[in-house]
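Enquirer: Below is the file query-v7.cif, which contains mmCIF, C-alpha atoms.
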data_data
#
loop_
_atom_site.label_atom_id
_atom_site.label_comp_id
_atom_site.auth_asym_id
_atom_site.auth_seq_id
_atom_site.Cartn_x
_atom_site.Cartn_y
_atom_site.Cartn_z
CA MET A 1 -81.86 96.06 -44.65
CA ASN A 2 -82.59 99.50 -46.14
CA GLY A 3 -85.75 99.65 -44.07
CA PHE A 4 -83.83 99.27 -40.83
CA GLY A 5 -81.09 101.63 -41.95
CA SER A 6 -83.50 104.48 -42.73
CA ALA A 7 -85.52 103.69 -39.61
CA ILE A 8 -82.46 104.12 -37.43
CA ASP A 9 -81.52 107.30 -39.32
CA HIS A 10 -84.99 108.59 -38.54
CA ALA A 11 -84.59 107.67 -34.87
CA PHE A 12 -81.30 109.55 -34.69
CA GLU A 13 -82.86 112.52 -36.46
CA LEU A 14 -85.69 112.66 -33.92
CA GLN A 15 -83.22 112.27 -31.09
CA ALA A 16 -81.20 115.20 -32.47
CA GLN A 17 -84.32 117.37 -32.74
CA HIS A 18 -85.22 116.49 -29.19
CA ALA A 19 -81.70 117.26 -27.98
CA ASP A 20 -81.78 120.61 -29.81
CA ALA A 21 -85.04 121.56 -28.11
CA VAL A 22 -83.70 120.59 -24.68
CA ALA A 23 -80.45 122.48 -25.33
CA PHE A 24 -82.41 125.57 -26.35
CA VAL A 25 -84.44 125.50 -23.15
CA GLU A 26 -81.24 125.08 -21.16
CA THR A 27 -79.86 128.16 -22.92
CA LEU A 28 -83.00 130.12 -22.05
CA ALA A 29 -82.74 128.97 -18.45
CA ARG A 30 -79.14 130.22 -18.30
CA GLU A 31 -80.19 133.58 -19.77
CA LEU A 32 -82.98 133.84 -17.22
CA ALA A 33 -80.60 132.83 -14.45
CA ALA A 34 -78.16 135.57 -15.48
CA ALA A 35 -80.92 138.18 -15.51
CA VAL A 36 -82.24 137.10 -12.11
CA ASN A 37 -78.73 136.98 -10.72
CA ASN A 38 -78.16 140.52 -11.96
CA LYS A 39 -81.46 141.87 -10.62
CA THR A 40 -81.15 140.24 -7.20
CA GLY A 41 -77.50 140.90 -6.58
CA GLY A 42 -76.76 137.19 -6.78
CA ILE A 43 -79.10 136.29 -3.93
CA VAL A 44 -81.61 134.34 -6.05
CA LYS A 45 -80.45 131.54 -8.31
CA ILE A 46 -82.37 129.90 -11.15
CA VAL A 47 -81.83 126.23 -11.89
CA LEU A 48 -83.39 123.87 -14.40
CA LEU A 49 -84.09 120.52 -12.80
CA ASP A 50 -84.98 117.27 -14.52
CA GLN A 51 -88.10 115.54 -13.31
CA GLU A 52 -85.96 112.49 -12.66
CA LYS A 53 -83.86 114.45 -10.20
CA THR A 54 -86.86 115.85 -8.44
CA LEU A 55 -89.07 112.80 -8.29
CA ASN A 56 -87.22 109.59 -8.51
CA LEU A 57 -84.38 109.52 -6.06
CA GLY A 58 -85.34 105.99 -5.05
CA LYS A 59 -85.03 104.71 -8.58
CA GLN A 60 -81.68 106.41 -9.01
CA LEU A 61 -80.41 104.79 -5.83
CA GLY A 62 -81.74 101.43 -6.99
CA ARG A 63 -79.95 101.77 -10.30
CA ALA A 64 -76.76 102.85 -8.59
CA PHE A 65 -76.79 99.70 -6.47
CA GLY A 66 -77.68 97.48 -9.43
CA LEU A 67 -81.10 96.58 -8.06
CA LEU A 68 -83.02 97.40 -11.24
CA ARG A 69 -82.75 95.31 -14.39
CA PRO A 70 -83.34 96.94 -17.79
CA GLN A 71 -87.04 97.24 -18.53
CA LEU A 72 -89.27 99.22 -20.87
CA GLY A 73 -90.65 102.25 -19.11
CA GLY A 74 -87.99 102.00 -16.43
CA ASP A 75 -85.39 103.68 -18.58
CA ASP A 76 -85.01 107.46 -18.43
CA GLU A 77 -85.21 107.61 -22.22
CA ASP A 78 -88.65 105.99 -22.16
CA ARG A 79 -90.09 108.92 -20.30
CA THR A 80 -91.51 112.18 -21.51
CA VAL A 81 -88.82 114.70 -20.67
CA ARG A 82 -89.99 117.31 -18.20
CA LYS A 83 -87.91 120.00 -16.59
CA TYR A 84 -88.71 122.51 -13.90
CA LEU A 85 -87.52 126.07 -13.55
CA ILE A 86 -86.70 126.46 -9.89
CA ALA A 87 -85.74 129.63 -8.08
CA ARG A 88 -83.81 129.33 -4.86
CA SER A 89 -82.10 131.63 -2.46
CA GLY A 90 -79.05 130.95 -0.36
CA THR A 91 -81.19 129.08 2.13
CA SER A 92 -82.76 125.70 1.49
CA GLU A 93 -85.91 127.44 0.28
CA ALA A 94 -86.79 126.84 -3.36
CA ARG A 95 -89.81 127.76 -5.44
CA ALA A 96 -91.09 126.14 -8.66
CA LEU A 97 -91.64 128.79 -11.35
CA TRP A 98 -92.85 126.77 -14.30
CA GLU A 99 -92.57 123.39 -16.00
CA VAL A 100 -91.35 122.53 -19.47
CA GLU A 101 -92.34 119.36 -21.30
CA PHE A 102 -90.80 118.21 -24.57
CA ALA A 103 -92.61 116.28 -27.28
CA GLU A 104 -90.94 113.16 -28.64
CA ALA A 105 -89.38 115.15 -31.48
CA GLY A 106 -88.61 118.11 -29.23
CA TYR A 107 -91.36 120.42 -30.46
CA PRO A 108 -93.99 121.32 -29.59
CA VAL A 109 -92.68 122.32 -26.20
CA THR A 110 -95.34 122.71 -23.53
CA VAL A 111 -94.92 125.34 -20.83
CA ARG A 112 -97.07 124.83 -17.73
CA GLY A 113 -97.34 127.75 -15.33
CA PRO A 114 -96.46 130.11 -13.75
CA ARG A 115 -100.19 130.27 -13.12
CA GLU A 116 -101.37 126.91 -11.85
CA LYS A 117 -103.08 124.85 -14.57
CA ARG A 118 -102.00 127.24 -17.30
CA VAL A 119 -100.82 125.36 -20.39
CA GLU A 120 -99.08 126.92 -23.38
CA VAL A 121 -97.99 124.84 -26.34
CA CYS A 122 -95.08 126.30 -28.35
CA SER A 123 -94.33 125.14 -31.87
CA SER A 124 -90.84 126.60 -32.34
CA ALA A 125 -87.77 127.86 -30.49
CA ALA A 126 -88.83 131.48 -31.01
CA ASP A 127 -92.24 130.67 -29.55
CA VAL A 128 -90.62 129.05 -26.51
CA ARG A 129 -88.49 132.15 -25.98
CA ASP A 130 -91.61 134.36 -26.12
CA ALA A 131 -93.40 132.04 -23.70
CA PHE A 132 -90.45 132.18 -21.28
CA VAL A 133 -90.31 135.98 -21.46
CA ASP A 134 -94.05 136.20 -20.79
CA ALA A 135 -93.78 133.68 -17.96
CA ALA A 136 -90.91 135.59 -16.39
CA ALA A 137 -93.11 138.70 -16.32
CA ASP A 138 -95.87 136.93 -14.38
CA VAL A 139 -96.79 138.36 -11.00
CA ARG A 140 -96.36 134.94 -9.37
CA VAL A 141 -92.73 134.89 -10.45
CA GLY A 142 -92.26 138.35 -9.01
CA ARG A 143 -93.79 137.29 -5.72
CA LYS A 144 -91.66 134.16 -5.48
CA LEU A 145 -88.45 136.00 -6.31
CA GLN A 146 -89.28 138.71 -3.80
CA SER A 147 -90.02 136.09 -1.19
CA LEU A 148 -86.66 134.46 -1.82
CA LEU A 149 -84.94 137.82 -1.72
CA ASP A 150 -86.53 138.49 1.64
CA SER A 151 -85.46 135.14 3.06
CA GLY A 152 -82.02 133.76 3.81
CA THR A 153 -78.50 133.93 2.56
CA SER A 154 -76.78 130.60 3.40
CA GLU A 155 -76.22 127.80 0.89
CA PRO A 156 -78.70 124.94 0.35
CA GLU A 157 -77.69 121.74 2.10
CA THR A 158 -78.35 118.96 -0.42
CA THR A 159 -79.79 118.45 -3.88
CA ALA A 160 -82.42 116.15 -2.39
CA GLN A 161 -83.47 118.89 0.01
CA LEU A 162 -83.68 121.33 -2.89
CA ALA A 163 -85.79 118.91 -4.91
CA SER A 164 -88.02 118.23 -1.95
CA ALA A 165 -88.58 121.92 -1.36
CA ALA A 166 -89.50 122.50 -5.01
CA GLU A 167 -92.27 119.88 -5.03
CA PRO A 168 -93.17 119.81 -8.72
CA PRO A 169 -96.39 118.03 -9.70
CA SER A 170 -96.18 114.26 -10.08
CA ASP A 171 -97.14 112.30 -13.21
CA MET B 172 -127.15 143.14 -25.15
CA HIS B 173 -130.68 143.33 -23.81
CA GLN B 174 -131.74 140.56 -26.20
CA ALA B 175 -128.74 138.43 -25.23
CA SER B 176 -129.33 138.90 -21.51
CA SER B 177 -133.01 138.00 -22.01
CA VAL B 178 -131.97 134.74 -23.66
CA VAL B 179 -129.48 134.02 -20.87
CA ARG B 180 -132.12 134.76 -18.26
CA ARG B 181 -134.55 132.43 -20.03
CA LEU B 182 -131.94 129.65 -20.26
CA PHE B 183 -131.49 129.76 -16.49
CA SER B 184 -135.25 129.87 -15.97
CA ASP B 185 -135.47 126.75 -18.17
CA GLY B 186 -133.05 124.94 -15.87
CA ALA B 187 -129.54 125.72 -17.09
CA SER B 188 -126.77 125.47 -14.49
CA ILE B 189 -124.04 127.13 -16.54
CA VAL B 190 -124.16 129.43 -19.57
CA ALA B 191 -120.93 130.11 -21.44
CA LEU B 192 -120.79 133.11 -23.77
CA CYS B 193 -118.30 134.11 -26.48
CA GLU B 194 -117.65 137.44 -28.20
CA MET B 195 -117.93 139.28 -24.90
CA ASP B 196 -115.83 142.05 -23.42
CA VAL B 197 -115.59 143.59 -19.96
CA GLU B 198 -118.21 146.25 -20.72
CA SER B 199 -120.77 143.82 -22.16
CA ALA B 200 -120.12 141.47 -19.23
CA ALA B 201 -120.87 144.30 -16.81
CA ARG B 202 -124.09 145.13 -18.66
CA LEU B 203 -125.06 141.46 -18.64
CA GLN B 204 -124.38 141.23 -14.92
CA LYS B 205 -126.55 144.29 -14.36
CA HIS B 206 -129.42 142.82 -16.38
CA LEU B 207 -129.17 139.53 -14.48
CA GLY B 208 -128.78 141.30 -11.15
CA SER B 209 -131.87 139.86 -9.50
CA MET B 210 -130.84 136.26 -10.19
CA ASP B 211 -128.56 134.26 -7.90
CA LEU B 212 -125.75 133.92 -10.43
CA ASP B 213 -121.96 134.06 -10.52
CA VAL B 214 -120.39 135.80 -13.51
CA LEU B 215 -116.80 134.91 -14.39
CA VAL B 216 -115.21 137.22 -16.95
CA ALA B 217 -112.27 135.95 -19.00
CA CYS B 218 -111.55 138.92 -21.25
CA ASP B 219 -107.87 139.57 -20.54
CA ARG B 220 -105.51 140.62 -23.28
CA VAL B 221 -103.59 137.86 -25.01
CA GLY B 222 -100.94 138.68 -27.62
CA LYS B 223 -102.44 141.24 -29.99
CA SER B 224 -105.97 140.13 -29.19
CA ARG B 225 -107.98 139.40 -26.07
CA TRP B 226 -110.07 136.66 -24.61
CA ASP B 227 -113.82 137.12 -25.06
CA ILE B 228 -115.39 134.53 -22.78
CA VAL B 229 -117.86 134.92 -19.94
CA VAL B 230 -119.23 132.04 -17.86
CA VAL B 231 -122.41 132.55 -15.86
CA SER B 232 -123.43 129.93 -13.30
CA ASP B 233 -126.34 129.29 -10.98
CA ARG B 234 -124.71 129.31 -7.56
CA GLN B 235 -127.47 127.16 -6.10
CA ARG B 236 -126.43 124.34 -8.43
CA VAL B 237 -122.72 124.72 -9.15
CA ARG B 238 -119.59 126.49 -8.08
CA CYS B 239 -117.30 127.65 -10.89
CA GLU B 240 -113.74 128.81 -10.54
CA GLY B 241 -111.57 130.11 -13.37
CA THR B 242 -108.36 128.11 -13.65
CA GLY B 243 -106.62 129.86 -16.49
CA PRO B 244 -106.03 130.25 -20.18
CA GLN B 245 -104.74 127.54 -22.49
CA THR B 246 -102.78 128.99 -25.39
CA THR B 247 -100.63 127.91 -28.30
CA ARG B 248 -97.73 129.89 -29.72
CA HIS B 249 -96.92 129.67 -33.39
CA LEU B 250 -94.71 131.96 -35.46
CA GLY B 251 -94.79 134.56 -32.73
CA THR B 252 -98.57 134.59 -32.49
CA VAL B 253 -100.43 133.56 -29.37
CA ILE B 254 -103.41 131.43 -30.37
CA ARG B 255 -106.33 131.15 -27.96
CA SER B 256 -107.09 127.49 -27.31
CA ALA B 257 -109.56 127.78 -24.41
CA GLN B 258 -110.27 129.17 -20.99
CA SER B 259 -110.65 126.57 -18.28
CA PHE B 260 -112.87 126.45 -15.22
CA ASP B 261 -113.26 123.98 -12.37
CA VAL B 262 -116.89 123.14 -11.70
CA LEU B 263 -118.22 121.61 -8.49
CA THR B 264 -121.87 120.55 -8.56
CA ALA B 265 -124.30 120.60 -5.65
CA SER B 266 -124.25 116.80 -5.66
CA GLY B 267 -120.49 116.83 -5.06
CA SER B 268 -119.29 115.76 -8.50
CA SER B 269 -116.75 117.89 -10.30
CA PHE B 270 -115.35 118.39 -13.75
CA ARG B 271 -113.13 120.72 -15.69
CA LEU B 272 -114.92 122.94 -18.17
CA TYR B 273 -113.12 124.35 -21.18
CA VAL B 274 -114.72 127.14 -23.19
CA ALA B 275 -113.26 127.83 -26.61
CA HIS B 276 -113.82 130.44 -29.28
CA TRP B 277 -111.52 129.85 -32.19
CA ARG B 278 -110.57 132.16 -35.02
CA SER B 279 -113.20 133.06 -37.60
CA ARG B 280 -113.67 131.10 -40.81
CA LEU B 281 -113.51 134.37 -42.74
CA GLY B 282 -109.73 134.63 -42.31
CA SER B 283 -107.71 132.76 -44.92
CA SER B 284 -105.25 131.39 -42.36
CA GLY B 285 -108.00 130.54 -39.92
CA HIS B 286 -108.01 126.82 -40.47
CA ASP B 287 -104.35 126.37 -39.66
CA TRP B 288 -104.80 128.56 -36.58
CA ARG B 289 -107.80 126.58 -35.41
CA LYS B 290 -105.95 123.33 -35.85
CA ARG B 291 -103.08 124.64 -33.74
CA ALA B 292 -105.58 125.81 -31.13
CA ALA B 293 -106.94 122.27 -31.11
CA ILE B 294 -103.50 120.73 -30.61
CA GLY B 295 -102.85 123.02 -27.66
CA LEU B 296 -106.22 122.32 -26.09
CA CYS B 297 -105.76 118.59 -26.64
CA LYS B 298 -102.54 118.80 -24.63
CA ALA B 299 -104.28 120.41 -21.67
CA ILE B 300 -107.13 117.89 -21.82
CA SER B 301 -104.66 115.00 -21.99
CA ASP B 302 -103.24 116.18 -18.67
CA ASP B 303 -106.75 116.02 -17.18
CA LEU B 304 -107.61 112.62 -18.60
CA GLU B 305 -104.29 111.21 -17.41
CA THR B 306 -105.32 112.12 -13.87
CA ASP B 307 -108.86 110.80 -14.39
CA ARG B 308 -110.46 114.23 -14.26
CA ALA B 309 -113.84 114.55 -16.00
CA VAL B 310 -113.84 117.08 -18.84
CA VAL B 311 -116.50 119.08 -20.69
CA VAL B 312 -115.59 121.27 -23.65
CA LEU B 313 -117.99 123.89 -25.00
CA GLY B 314 -116.91 125.83 -28.04
CA ASP B 315 -117.65 128.03 -30.95
CA PHE B 316 -114.92 126.23 -32.83
CA ASN B 317 -115.71 127.74 -36.23
CA GLU B 318 -115.26 124.18 -37.46
CA GLU B 319 -117.78 121.40 -37.95
CA PRO B 320 -117.66 118.07 -36.12
CA PHE B 321 -116.08 116.29 -39.10
CA ASP B 322 -113.38 118.92 -39.74
CA SER B 323 -109.76 118.09 -39.07
CA ALA B 324 -109.40 120.54 -36.17
CA LEU B 325 -111.98 118.56 -34.21
CA ALA B 326 -110.15 115.38 -35.15
CA ALA B 327 -106.97 116.98 -33.77
CA LEU B 328 -108.89 117.53 -30.56
CA HIS B 329 -109.61 113.77 -30.49
CA ALA B 330 -113.36 114.44 -30.59
CA VAL B 331 -115.26 111.51 -32.10
CA ARG B 332 -118.89 110.62 -32.75
CA ASP B 333 -118.90 107.10 -31.34
CA PRO B 334 -119.35 106.89 -27.55
CA ARG B 335 -118.30 103.23 -27.60
CA LEU B 336 -114.88 104.19 -28.93
CA VAL B 337 -114.54 106.85 -26.24
CA CYS B 338 -115.30 104.23 -23.58
CA ARG B 339 -112.55 102.03 -25.01
CA HIS B 340 -110.04 104.90 -25.01
CA PRO B 341 -111.09 107.09 -22.10
CA LYS B 342 -107.68 108.71 -21.67
CA GLU B 343 -107.39 109.75 -25.31
CA LEU B 344 -110.83 110.56 -26.73
CA LEU B 345 -113.76 112.88 -26.19
CA PHE B 346 -117.33 112.21 -27.27
CA ASN B 347 -118.72 114.90 -29.56
CA ALA B 348 -122.38 115.07 -28.56
CA SER B 349 -123.06 117.59 -31.34
CA TRP B 350 -122.27 115.40 -34.31
CA SER B 351 -125.87 114.58 -35.18
CA LEU B 352 -126.79 118.27 -35.23
CA ALA B 353 -124.63 118.97 -38.27
CA GLY B 354 -127.26 117.80 -40.75
CA PRO B 355 -131.04 117.60 -41.06
CA PRO B 356 -132.68 114.86 -38.97
CA ARG B 357 -133.23 111.65 -40.99
CA SER B 358 -136.98 111.85 -40.37
CA ARG B 359 -137.14 115.50 -41.54
CA PRO B 360 -134.82 116.05 -44.49
CA TRP B 361 -136.17 119.57 -44.93
CA GLY B 362 -135.86 120.36 -41.25
CA THR B 363 -133.56 123.03 -39.96
CA PHE B 364 -130.18 122.09 -38.56
CA GLY B 365 -126.93 123.67 -37.46
CA SER B 366 -126.16 126.32 -34.88
CA TYR B 367 -125.06 129.00 -37.31
CA GLY B 368 -126.88 130.27 -40.37
CA TYR B 369 -124.63 131.43 -43.14
CA GLY B 370 -124.98 131.25 -46.91
CA GLY B 371 -121.80 129.37 -47.62
CA ARG B 372 -120.95 127.34 -50.71
CA THR B 373 -121.45 123.99 -49.03
CA SER B 374 -124.48 124.68 -46.84
CA LEU B 375 -126.81 127.32 -45.52
CA ALA B 376 -126.27 126.22 -41.93
CA TYR B 377 -123.28 124.93 -39.99
CA GLN B 378 -122.74 123.24 -36.64
CA LEU B 379 -119.88 125.42 -35.46
CA ASP B 380 -120.92 125.29 -31.80
CA GLN B 381 -120.24 121.95 -30.19
CA ALA B 382 -120.13 120.19 -26.86
CA LEU B 383 -117.61 117.46 -26.06
CA VAL B 384 -117.38 115.28 -22.98
CA SER B 385 -114.97 112.75 -21.56
CA ALA B 386 -115.88 109.12 -20.97
CA HIS B 387 -116.80 109.99 -17.38
CA PHE B 388 -120.19 111.11 -18.67
CA LEU B 389 -120.89 107.97 -20.69
CA ALA B 390 -122.59 104.85 -19.33
CA GLU B 391 -122.18 102.17 -21.98
CA HIS B 392 -124.23 99.45 -20.32
CA GLU B 393 -127.15 101.79 -19.60
CA ARG B 394 -126.80 103.32 -23.08
CA LYS B 395 -126.61 106.78 -21.55
CA ALA B 396 -124.77 109.71 -23.02
CA PRO B 397 -125.05 113.49 -22.76
CA VAL B 398 -127.49 115.07 -25.18
CA ALA B 399 -126.70 118.22 -27.13
CA ARG B 400 -129.29 120.28 -28.96
CA ASN B 401 -129.49 123.65 -30.61
CA SER B 402 -131.65 125.69 -28.30
CA GLU B 403 -135.18 126.58 -29.24
CA THR B 404 -135.44 128.97 -26.31
CA GLU B 405 -137.65 131.90 -27.12
CA GLY B 406 -135.67 134.82 -28.47
CA ALA B 407 -132.85 132.65 -29.77
CA SER B 408 -132.50 132.34 -33.52
CA HIS B 409 -129.89 132.23 -36.22
CA THR B 410 -130.19 135.99 -36.25
CA PHE B 411 -129.18 136.19 -32.59
CA GLY B 412 -125.51 136.96 -32.92
CA GLY B 413 -125.53 134.53 -35.84
CA HIS B 414 -125.49 131.54 -33.50
CA LEU B 415 -128.13 129.48 -31.76
CA PRO B 416 -127.32 128.65 -28.15
CA LEU B 417 -126.15 125.07 -27.81
CA GLU B 418 -127.58 123.13 -24.88
CA LEU B 419 -125.76 120.21 -23.29
CA GLU B 420 -127.59 117.98 -20.87
CA LEU B 421 -125.20 115.87 -18.82
CA GLN B 422 -126.58 112.54 -17.64
#
Render the structure in this file as structure tokens.

Expert:
Amino acid sequence: MNGFGSAIDHAFELQAQHADAVAFVETLARELAAAVNNKTGGIVKIVLLDQEKTLNLGKQLGRAFGLLRPQLGGDDEDRTVRKYLIARSGTSEARALWEVEFAEAGYPVTVRGPREKRVEVCSSAADVRDAFVDAAADVRVGRKLQSLLDSGTSEPETTAQLASAAEPPSD
Amino acid sequence: MHQASSVVRRLFSDGASIVALCEMDVESAARLQKHLGSMDLDVLVACDRVGKSRWDIVVVSDRQRVRCEGTGPQTTRHLGTVIRSAQSFDVLTASGSSFRLYVAHWRSRLGSSGHDWRKRAAIGLCKAISDDLETDRAVVVLGDFNEEPFDSALAALHAVRDPRLVCRHPKELLFNASWSLAGPPRSRPWGTFGSYGYGGRTSLAYQLDQALVSAHFLAEHERKAPVARNSETEGASHTFGGHLPLELELQ
């Protein structure tokens, strides 16, 4: 009895650590979005997209229509949580800036990009902040933001279109 | 530098396809390139600044045999410090096979906090390698790890001595081809061993330089595995930068 009780406590503790790490990255993404919004006169937006939203529209539709039964590995919570920093302008154009992957207990947080194949493993929130600041200073980010600034001004049409345009790497 | 470039030149003359060097900087890389000028070689310099330090890796390749392309640094952040895990390169051979090459030079053993730093470097590098193995990409790791094959940092890198185990877990493990070099050969107990001569408290020689490969390079049924050896190339000795060159022959 005690064994199960402490096991579940441990599971909740890990879940809370994971949620804290995700919340911190969401906070950083909002800070970055505010800075980009300020520097681009509101033309370029920064959004943090879940991998699920970018990759698995079919599964979401299947779940919505009750086509999928519960199964291990098929549940969102069975997956490694990955998020993508996406920059977009008022048009449908969107550019992937970098990827964030969370360990099962939140940290370490792995930042992939902005340079292709670059991997940085961060052991704490402060390290993630430093990694984000360094990533934001990368020339590739500057080029993508400039490209978006130079392109359109109208609103994106659909979330699916946005996700399609971002094209993050698959598993 | 002249001695080092002579050894590099001799390694290529002896048949090497790629030579990876640590403790380099942009100036020494330029001098090396000048000394090797007559040879048909590509020199990739990875000496950018990182945190308060800089990378110190140069990869030289024989362009008749391989094509190398730098693919970026792998780093780990801890307590505000950027720890160098490895530089990575994509290698395409003349026969059409390809693999990802990681070259690592981890923090010195002389620093008191070095071990913890090296272990964190290992965890970061392991993450990058896991991405490769997940997508079935062949991997080779060459490093002056400043750790021996049996130290915990190499365990954190999932580098093991048993090729059979690597074949059973190809997406998790690397084969450490350097394990047997960490002690004297069984047939010659007084023979020399190790890649680095240093009068430490536990030994007079250490195998700090190691070569690791993914299961792609192992053939269990044919009993084939890459062979690593501390180079006996003329001009190379424990007095050469403290380290012997480590040779890895892929099967």

Enquirer: Just so the selection is clear, what residues does the PyMOL selection byres ((chain A and resi 135-141) around 9) cover here, as JSON, numbers by chain?

Expert: {"A": [32, 97, 98, 111, 113, 114, 115, 130, 131, 132, 133, 134, 142, 143, 144, 145, 146]}

Enquirer: Please, which residues of chain A lie no more than 8 Å from chain B when the count uses all atoms listed in the file, and can they be set out as a PDB file with C-alpha atoms, keeping the file's coordinate frame?

Expert:
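Final output, result_26.pdb:
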ATOM      1  CA  ARG A 115    -100.190 130.270 -13.120  1.00  0.00           C
ATOM      2  CA  GLU A 116    -101.370 126.910 -11.850  1.00  0.00           C
ATOM      3  CA  LYS A 117    -103.080 124.850 -14.570  1.00  0.00           C
ATOM      4  CA  ARG A 118    -102.000 127.240 -17.300  1.00  0.00           C
ATOM      5  CA  VAL A 119    -100.820 125.360 -20.390  1.00  0.00           C
ATOM      6  CA  GLU A 120     -99.080 126.920 -23.380  1.00  0.00           C
ATOM      7  CA  VAL A 121     -97.990 124.840 -26.340  1.00  0.00           C
ATOM      8  CA  CYS A 122     -95.080 126.300 -28.350  1.00  0.00           C
ATOM      9  CA  SER A 123     -94.330 125.140 -31.870  1.00  0.00           C
ATOM     10  CA  SER A 124     -90.840 126.600 -32.340  1.00  0.00           C
ATOM     11  CA  ALA A 126     -88.830 131.480 -31.010  1.00  0.00           C
ATOM     12  CA  ASP A 127     -92.240 130.670 -29.550  1.00  0.00           C
ATOM     13  CA  VAL A 128     -90.620 129.050 -26.510  1.00  0.00           C
ATOM     14  CA  ASP A 130     -91.610 134.360 -26.120  1.00  0.00           C
ATOM     15  CA  ALA A 131     -93.400 132.040 -23.700  1.00  0.00           C
TER      16      ALA A 131
END

Enquirer: Just the number, please: distance in Å from CA of Phe388 in chain B to CA of Arg400 in chain B, one decimal.

Expert: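 These atoms are spaced 16.5 Å apart.
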
Enquirer: One decimal, Å: what's the distance from CA of Lys342 in chain B over to CA of Gln422 in chain B, could you say?

Expert: 19.7 Å

Enquirer: Report the residues retrieved by the PyMOL selection byres ((chain B and resi 210-214) around 7) from the displayed file, expressed as a list in words.

Expert: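 Selected by the PyMOL selection byres ((chain B and resi 210-214) around 7) in this file: Gln204, Leu207, Gly208, Ser209, Leu215, Val216, Val229, Val230, Val231, Ser232, Asp233 and Arg234 of chain B.
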
Enquirer: Quick one: distance from CA of Leu421 in chain B to CA of His329 in chain B in Å, one decimal?

Expert: 19.6 Å

Enquirer: For range 275-281 of chain B, find every residue with an atom within 6 Å (counting all atoms listed in the file), except residues of its own chain fewer than 4 positions away, and show them as number ranges by chain.

Expert: B: 257, 285, 289, 314-316

Enquirer: For the selection just defined, write its residues with C-alpha atoms to a file, as a CSV table (one decimal), in the frame of the given file.

Expert:
chain,number,residue,atom,x,y,z
B,257,ALA,CA,-109.6,127.8,-24.4
B,285,GLY,CA,-108.0,130.5,-39.9
B,289,ARG,CA,-107.8,126.6,-35.4
B,314,GLY,CA,-116.9,125.8,-28.0
B,315,ASP,CA,-117.6,128.0,-31.0
B,316,PHE,CA,-114.9,126.2,-32.8

Enquirer: Would you write out, as a PDB file with C-alpha atoms, in the frame of the given file, every residue that the PyMOL selection byres ((chain B and resi 312) around 6) captures in this file?

Expert:
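Produced file result-v8.pdb, reproduced below:
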ATOM      1  CA  LEU B 272    -114.920 122.940 -18.170  1.00  0.00           C
ATOM      2  CA  TYR B 273    -113.120 124.350 -21.180  1.00  0.00           C
ATOM      3  CA  VAL B 274    -114.720 127.140 -23.190  1.00  0.00           C
ATOM      4  CA  VAL B 311    -116.500 119.080 -20.690  1.00  0.00           C
ATOM      5  CA  LEU B 313    -117.990 123.890 -25.000  1.00  0.00           C
ATOM      6  CA  ALA B 382    -120.130 120.190 -26.860  1.00  0.00           C
ATOM      7  CA  LEU B 383    -117.610 117.460 -26.060  1.00  0.00           C
TER       8      LEU B 383
END

Enquirer: Using only C-alpha atoms, determine which residues lie at most 8 Å from Glu318 in chain B, disregarding the query and same-chain residues fewer than 4 positions distant; provide the list as an mmCIF file with C-alpha atoms, keeping the file's coordinate frame.

Expert:
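Okay, this is what ended up in result-v5.cif:
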data_model
loop_
_atom_site.group_PDB
_atom_site.id
_atom_site.type_symbol
_atom_site.label_atom_id
_atom_site.label_comp_id
_atom_site.auth_asym_id
_atom_site.auth_seq_id
_atom_site.Cartn_x
_atom_site.Cartn_y
_atom_site.Cartn_z
ATOM 1 C CA ARG B 280 -113.670 131.100 -40.810
ATOM 2 C CA ASP B 322 -113.380 118.920 -39.740
ATOM 3 C CA ALA B 324 -109.400 120.540 -36.170
ATOM 4 C CA LEU B 325 -111.980 118.560 -34.210
ATOM 5 C CA GLN B 378 -122.740 123.240 -36.640
ATOM 6 C CA LEU B 379 -119.880 125.420 -35.460
#

Enquirer: Can you tell me, as a compact mmCIF listing (two decimals) with C-alpha atoms, keeping the file's coordinate frame, which residues sit within 12 Å of (-120.9, 109.6, -15.4) in the file's frame, using only C-alpha atoms?

Expert:
# COMPACT_ATOMS: atom_id res chain seq x y z
CA SER B 268 -119.29 115.76 -8.50
CA SER B 269 -116.75 117.89 -10.30
CA PHE B 270 -115.35 118.39 -13.75
CA ARG B 308 -110.46 114.23 -14.26
CA ALA B 309 -113.84 114.55 -16.00
CA VAL B 310 -113.84 117.08 -18.84
CA VAL B 311 -116.50 119.08 -20.69
CA CYS B 338 -115.30 104.23 -23.58
CA VAL B 384 -117.38 115.28 -22.98
CA SER B 385 -114.97 112.75 -21.56
CA ALA B 386 -115.88 109.12 -20.97
CA HIS B 387 -116.80 109.99 -17.38
CA PHE B 388 -120.19 111.11 -18.67
CA LEU B 389 -120.89 107.97 -20.69
CA ALA B 390 -122.59 104.85 -19.33
CA GLU B 391 -122.18 102.17 -21.98
CA HIS B 392 -124.23 99.45 -20.32
CA GLU B 393 -127.15 101.79 -19.60
CA ARG B 394 -126.80 103.32 -23.08
CA LYS B 395 -126.61 106.78 -21.55
CA ALA B 396 -124.77 109.71 -23.02
CA PRO B 397 -125.05 113.49 -22.76
CA LEU B 421 -125.20 115.87 -18.82
CA GLN B 422 -126.58 112.54 -17.64

Enquirer: Find the residue from A:Ser147, A:Gln15, A:Thr27, A:Gln51 that sits nearest to Val100 in chain A; use all atoms listed in the file when measuring.

Expert: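 With all atoms listed in the file as the atom set, the closest residue is A:Gln51.
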